[in-house]
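Note: the block below is entry.txt and it holds compact mmCIF, C-alpha atoms.
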```
# COMPACT_ATOMS: atom_id res chain seq x y z
CA MET A 226 30.74 -8.46 10.68
CA THR A 227 28.17 -9.85 8.27
CA THR A 228 27.59 -8.44 4.79
CA GLY A 229 24.47 -10.51 4.13
CA ALA A 230 20.84 -9.43 4.19
CA PRO A 231 19.48 -8.16 7.53
CA PRO A 232 17.61 -10.76 9.62
CA LEU A 233 13.90 -11.00 8.84
CA GLN A 234 12.84 -9.63 12.22
CA HIS A 235 15.04 -6.58 11.66
CA LEU A 236 13.40 -5.97 8.27
CA LYS A 237 9.97 -6.14 9.87
CA GLN A 238 10.97 -3.74 12.64
CA MET A 239 12.31 -1.33 10.02
CA ALA A 240 9.07 -1.58 8.04
CA LYS A 241 6.95 -0.90 11.11
CA ALA A 242 9.06 2.12 12.09
CA THR A 243 8.90 3.45 8.53
CA TRP A 244 5.11 3.35 8.24
CA MET A 245 4.69 4.78 11.73
CA ALA A 246 6.89 7.75 10.80
CA GLY A 247 5.33 10.97 9.56
CA ASP A 248 1.53 10.97 9.34
CA PHE A 249 0.24 8.75 6.54
CA GLY A 250 -3.28 9.96 7.21
CA GLU A 251 -2.33 13.27 5.60
CA ILE A 252 -1.28 11.37 2.47
CA ALA A 253 -4.24 8.98 2.44
CA ARG A 254 -6.88 11.69 2.59
CA TYR A 255 -5.95 12.75 -0.94
CA ASN A 256 -6.38 9.18 -2.22
CA GLN A 257 -9.79 8.30 -0.78
CA GLU A 258 -11.50 8.20 -4.18
CA THR A 259 -9.04 5.53 -5.34
CA GLY A 260 -10.02 3.33 -2.40
CA ILE A 261 -13.72 3.83 -3.05
CA ALA A 262 -13.35 2.90 -6.73
CA PHE A 263 -11.22 -0.15 -5.87
CA VAL A 264 -13.90 -1.46 -3.49
CA GLU A 265 -16.69 -0.67 -5.94
CA ARG A 266 -15.17 -3.05 -8.50
CA LEU A 267 -15.24 -5.94 -5.99
CA GLY A 268 -19.00 -6.30 -6.15
CA LEU A 269 -19.35 -6.78 -2.39
CA THR A 270 -22.67 -7.97 -1.02
CA PRO A 271 -24.09 -7.25 2.46
CA GLY A 272 -22.84 -9.75 4.99
CA ALA A 273 -19.68 -10.70 3.09
CA LYS A 274 -16.68 -11.32 5.34
CA VAL A 275 -13.86 -9.07 4.16
CA LEU A 276 -10.24 -8.83 5.29
CA ASP A 277 -8.30 -5.65 4.49
CA VAL A 278 -4.56 -6.33 4.75
CA GLY A 279 -2.45 -3.22 5.26
CA CYS A 280 -5.53 -1.12 5.85
CA GLY A 281 -3.67 2.09 6.66
CA THR A 282 -6.17 4.72 7.75
CA GLY A 283 -9.14 2.88 6.28
CA ASN A 284 -9.44 4.01 2.66
CA GLN A 285 -10.65 0.54 1.64
CA SER A 286 -12.08 -0.70 4.94
CA LEU A 287 -14.63 2.09 5.29
CA PRO A 288 -16.11 1.83 1.77
CA ALA A 289 -16.39 -1.95 2.22
CA ALA A 290 -18.23 -1.52 5.53
CA ARG A 291 -20.56 1.06 3.98
CA LYS A 292 -21.69 -1.70 1.62
CA GLY A 293 -22.74 -3.87 4.55
CA ALA A 294 -19.69 -6.15 4.58
CA HIS A 295 -18.32 -7.48 7.86
CA VAL A 296 -14.82 -6.00 7.72
CA THR A 297 -11.72 -7.00 9.62
CA ALA A 298 -8.68 -4.82 8.98
CA VAL A 299 -5.03 -5.35 9.87
CA ASP A 300 -1.89 -3.22 9.63
CA ILE A 301 1.62 -3.30 11.07
CA ALA A 302 1.41 0.34 12.22
CA PRO A 303 -0.74 0.87 15.34
CA ASN A 304 -0.93 4.64 14.83
CA LEU A 305 -2.59 4.10 11.45
CA LEU A 306 -5.04 1.65 13.01
CA THR A 307 -5.95 4.32 15.57
CA GLN A 308 -6.75 6.81 12.81
CA ALA A 309 -8.76 4.22 10.88
CA ALA A 310 -10.77 3.31 13.98
CA GLN A 311 -11.52 6.98 14.64
CA ARG A 312 -12.82 7.38 11.10
CA ALA A 313 -14.97 4.27 11.45
CA ARG A 314 -16.47 5.47 14.74
CA ALA A 315 -17.28 8.85 13.21
CA GLU A 316 -19.38 7.06 10.58
CA LYS A 317 -20.75 4.51 13.07
CA LEU A 318 -19.22 1.66 11.06
CA ASP A 319 -18.51 -1.61 12.87
CA ILE A 320 -15.02 -2.63 11.73
CA GLU A 321 -12.58 -4.79 13.67
CA PHE A 322 -9.06 -3.33 13.55
CA ARG A 323 -6.08 -5.47 14.58
CA GLU A 324 -2.32 -5.16 14.40
CA GLY A 325 -1.10 -7.85 12.04
CA ASP A 326 1.51 -9.00 9.54
CA ALA A 327 0.63 -9.89 5.94
CA GLU A 328 3.08 -12.79 6.12
CA ALA A 329 1.52 -14.30 9.26
CA LEU A 330 -2.15 -13.36 9.36
CA PRO A 331 -3.75 -14.03 12.78
CA PHE A 332 -6.73 -15.91 11.34
CA GLY A 333 -7.77 -19.46 10.61
CA ASP A 334 -8.09 -21.10 7.22
CA ASP A 335 -10.98 -20.14 4.91
CA GLU A 336 -12.27 -17.31 7.12
CA PHE A 337 -12.99 -14.61 4.53
CA ASP A 338 -15.03 -14.28 1.37
CA VAL A 339 -12.78 -11.45 0.17
CA VAL A 340 -9.16 -10.66 1.03
CA MET A 341 -8.01 -7.29 -0.25
CA SER A 342 -4.85 -5.22 -0.08
CA ALA A 343 -4.27 -1.90 -1.79
CA PHE A 344 -0.67 -0.61 -2.07
CA ALA A 345 0.22 -2.36 1.19
CA ALA A 346 1.12 -6.07 1.23
CA ILE A 347 3.45 -5.39 -1.71
CA PHE A 348 5.96 -4.01 0.81
CA ALA A 349 6.25 -7.25 2.81
CA PRO A 350 9.73 -8.77 2.43
CA ARG A 351 8.55 -12.29 1.48
CA PRO A 352 6.00 -12.00 -1.35
CA GLU A 353 5.52 -15.74 -1.80
CA LYS A 354 4.54 -15.96 1.88
CA VAL A 355 2.01 -13.16 1.37
CA ALA A 356 0.41 -15.02 -1.53
CA LEU A 357 0.23 -18.25 0.50
CA GLU A 358 -1.35 -16.44 3.45
CA PHE A 359 -3.95 -14.76 1.24
CA LEU A 360 -4.85 -18.11 -0.31
CA ARG A 361 -4.99 -19.75 3.12
CA VAL A 362 -7.42 -17.33 4.79
CA CYS A 363 -9.63 -16.86 1.70
CA ARG A 364 -12.63 -19.14 1.30
CA HIS A 365 -13.15 -21.38 -1.71
CA PRO A 366 -14.73 -19.99 -3.77
CA GLY A 367 -13.55 -16.54 -2.81
CA LEU A 368 -11.80 -13.43 -4.09
CA ILE A 369 -8.36 -11.97 -3.45
CA ALA A 370 -7.99 -8.39 -4.71
CA MET A 371 -4.82 -6.32 -4.83
CA ALA A 372 -3.84 -2.87 -6.08
CA ASN A 373 -0.15 -3.02 -6.99
CA ILE A 374 2.21 -0.26 -8.05
CA LYS A 375 3.39 -0.78 -11.64
CA PRO A 376 7.07 -0.45 -12.62
CA SER A 377 6.04 2.24 -15.13
CA SER A 378 4.38 4.48 -12.52
CA PHE A 379 5.41 7.77 -10.95
CA ILE A 380 5.71 6.07 -7.55
CA ALA A 381 8.12 3.52 -9.04
CA ALA A 382 10.21 6.36 -10.48
CA GLN A 383 10.21 7.99 -7.05
CA PHE A 384 11.49 4.74 -5.52
CA VAL A 385 14.40 4.84 -7.99
CA VAL A 386 15.28 8.41 -6.99
CA MET A 387 15.13 7.59 -3.29
CA ALA A 388 17.24 4.45 -3.72
CA ARG A 389 20.12 6.58 -5.02
CA TYR A 390 20.30 8.28 -1.63
CA ALA A 391 18.89 5.64 0.73
CA PRO A 392 19.33 2.17 -0.80
CA PRO A 393 16.86 -0.48 0.40
CA PRO A 394 18.17 -3.27 2.64
CA LYS A 395 20.14 -6.02 0.92
CA GLY A 396 17.85 -8.81 -0.21
CA PHE A 397 14.72 -6.65 -0.18
CA LEU A 398 12.70 -7.32 -3.35
CA PRO A 399 11.31 -4.24 -5.14
CA PRO A 400 7.60 -3.77 -4.30
CA VAL A 401 6.91 -2.88 -7.94
CA LEU A 402 7.46 -6.52 -8.94
CA TRP A 403 3.88 -7.02 -7.72
CA GLY A 404 2.88 -4.72 -10.59
CA ASP A 405 4.13 -7.21 -13.18
CA GLU A 406 1.34 -9.60 -14.21
CA ALA A 407 3.75 -12.46 -14.92
CA VAL A 408 5.25 -12.16 -11.43
CA VAL A 409 1.78 -12.10 -9.84
CA ARG A 410 0.82 -15.29 -11.69
CA GLN A 411 4.02 -17.00 -10.60
CA ARG A 412 3.50 -16.03 -6.96
CA PHE A 413 -0.10 -17.25 -6.74
CA GLY A 414 0.54 -20.37 -8.81
CA PRO A 415 -1.48 -22.20 -11.46
CA SER A 416 -4.37 -23.42 -9.29
CA VAL A 417 -6.27 -20.10 -9.34
CA GLN A 418 -7.84 -17.88 -11.97
CA ILE A 419 -6.33 -14.40 -12.23
CA GLU A 420 -7.71 -11.33 -13.96
CA THR A 421 -5.76 -8.08 -14.14
CA THR A 422 -6.58 -4.56 -15.29
CA THR A 423 -4.60 -1.34 -15.34
CA GLN A 424 -6.15 1.40 -13.21
CA ILE A 425 -5.17 4.95 -12.34
CA MET A 426 -4.58 6.43 -8.91
CA ARG A 427 -4.91 10.19 -9.33
CA MET A 428 -3.02 12.28 -6.81
CA ASP A 429 -4.75 15.66 -6.81
CA LEU A 430 -3.04 18.07 -4.42
CA PRO A 431 -4.24 21.66 -3.87
CA PHE A 432 -0.73 23.13 -3.89
CA GLY A 433 2.31 23.41 -6.12
CA VAL A 434 5.11 20.92 -6.70
CA ALA A 435 7.49 22.36 -4.08
CA GLU A 436 4.80 22.04 -1.41
CA ALA A 437 3.89 18.57 -2.69
CA VAL A 438 7.48 17.43 -2.11
CA ALA A 439 7.53 19.08 1.32
CA HIS A 440 4.18 17.46 2.15
CA SER A 441 5.53 14.00 1.22
CA ARG A 442 8.74 14.60 3.13
CA LYS A 443 6.81 15.50 6.27
CA HIS A 444 4.04 12.91 6.16
CA LEU A 445 4.98 9.88 3.99
CA GLY A 446 6.94 7.43 6.12
CA PRO A 447 9.47 6.11 3.55
CA ILE A 448 10.36 9.61 2.32
CA HIS A 449 10.39 11.04 5.85
CA MET A 450 12.80 8.31 6.96
CA ALA A 451 14.99 8.66 3.88
CA PHE A 452 15.56 12.34 4.55
CA ALA A 453 16.13 11.73 8.28
CA GLY A 454 19.03 9.40 7.49
CA LEU A 455 20.92 11.86 5.26
CA ASP A 456 23.27 14.74 5.96
CA LYS A 457 22.22 18.24 4.87
CA GLU A 458 24.05 18.10 1.56
CA LYS A 459 22.44 14.84 0.52
CA GLN A 460 19.07 16.09 1.73
CA LYS A 461 19.41 19.00 -0.68
CA GLY A 462 20.27 16.61 -3.50
CA LEU A 463 17.31 14.35 -2.80
CA GLU A 464 14.95 17.30 -2.54
CA ALA A 465 16.19 18.70 -5.88
CA ASP A 466 15.78 15.34 -7.61
CA LEU A 467 12.28 14.89 -6.22
CA LEU A 468 11.32 18.41 -7.36
CA THR A 469 12.51 17.55 -10.85
CA LEU A 470 10.59 14.26 -10.86
CA TRP A 471 7.35 15.77 -9.58
CA SER A 472 7.63 18.59 -12.13
CA GLN A 473 8.06 16.08 -14.96
CA TYR A 474 4.93 14.16 -13.98
CA ASN A 475 2.75 17.09 -12.91
CA LYS A 476 -0.33 17.59 -15.10
CA GLY A 477 -1.49 20.56 -13.04
CA ASP A 478 0.05 24.02 -12.74
CA GLU A 479 2.25 25.94 -10.33
CA HIS A 480 -0.55 26.09 -7.76
CA HIS A 481 -2.09 22.65 -8.26
CA THR A 482 -0.26 19.32 -8.48
CA ILE A 483 -1.89 16.44 -10.37
CA VAL A 484 0.04 13.20 -10.79
CA GLU A 485 -1.47 10.03 -12.23
CA ASN A 486 -0.12 6.63 -11.21
CA GLU A 487 -0.77 3.46 -13.15
CA TYR A 488 -1.36 0.41 -10.99
CA LEU A 489 -2.17 -3.22 -11.63
CA GLU A 490 -5.46 -4.34 -10.16
CA VAL A 491 -5.41 -8.07 -9.52
CA HIS A 492 -8.47 -10.28 -8.92
CA VAL A 493 -7.60 -13.83 -7.89
CA SER A 494 -10.51 -16.28 -7.83
CA SER A 495 -9.89 -19.15 -5.44
CA GLN A 496 -11.90 -22.22 -6.42
```
Encoded form using structure tokens:
Amino acid sequence: MTTGAPPLQHLKQMAKATWMAGDFGEIARYNQETGIAFVERLGLTPGAKVLDVGCGTGNQSLPAARKGAHVTAVDIAPNLLTQAAQRARAEKLDIEFREGDAEALPFGDDEFDVVMSAFAAIFAPRPEKVALEFLRVCRHPGLIAMANIKPSSFIAAQFVVMARYAPPPKGFLPPVLWGDEAVVRQRFGPSVQIETTTQIMRMDLPFGVAEAVAHSRKHLGPIHMAFAGLDKEKQKGLEADLLTLWSQYNKGDEHHTIVENEYLEVHVSSQ
């Protein structure tokens, strides 16, 4: 019996199952403005070739296509790709959606003017491989843009709470390391120019904290899976701790939950 880290393929299977669990579309619809603002800061021009890595249900892909960019979008979860494609068809936007892995992108070298990933590629188990893949498929000159959860954010605090009940696999690096500028610079290396800014993702939910926790438990894959793996007593403990955390961060009232998350926006210029 081995006590080492799970094999890479097992980690990837776990990740796929996690993001297919629940219904992330119900989470993403409350964060659409964040995706629009993220894309707006990229300065996309009509005809630009854009790759959206970890596209989810299309919160970044659709705004990019609305600007006239030629968008290709990949994700590990086929059910999310289905939702994204449905949204694109409803707006008559021509976006190519493909199942794909941030660590092994199914594209040739120098294919895209812009490679972007918002709150997605940070969950891949081999971050250095992600950085190399982004640099490989991005043209020179080109732009790599990421939105990365900061260690100081509400989401990071929620990860800490969840880890007390459902520890991540051995060897799995915390996604919030991508929110540390020094780590980002180390992962992309010295041959590129990197600019970072701190931005805010505002979660504005039209219901109270208890319903916000229940909503996350039902729809957000990592939380859904964490609860599913616990007995009833531990489920009660996790729910109580999440209620406390959400209450601490809530800037709304008992009928309206508003939580602001700091994230690190990264622009990497490949020369």
field: Nearby residues, (1.7, -4.7, 10.4) file frame, 12 Å, all atoms listed in the file, as an MDAnalysis selection string
entry: chainID A and resid 236:245 277:281 298:306 322:331 345:346 348:349
task: Within 8 Å of Val264 in chain A, counting all atoms listed in the file, which residues show up once you throw out same-chain ones fewer than 3 positions away? Write them as a ChimeraX atom specification, please.
output: /A:260-261,267-269,285,288-289
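Here CA of Ile369 in chain A stands at a distance of 4.7 Å from CA of Val340 in chain A.
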field: Residue neighbourhood range 384-393 of chain A, 7 Å, all atoms listed in the file, exclusion window fewer than 3 positions, as a ChimeraX atom specification
entry: /A:380-381,397,451,463,466
Between CA of Phe344 in chain A and CA of Asn486 in chain A, distance in Å (one decimal):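 For CA of Phe344 in chain A relative to CA of Asn486 in chain A, the distance reads 11.7 Å.
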- prompt: Around (-25.1, -6.9, 1.2) in the file's own coordinates, what residues are found within 10 Å if you use all atoms listed in the file, given back as an NGL selection string?
  reply: :A and (268-273 or 290-295)
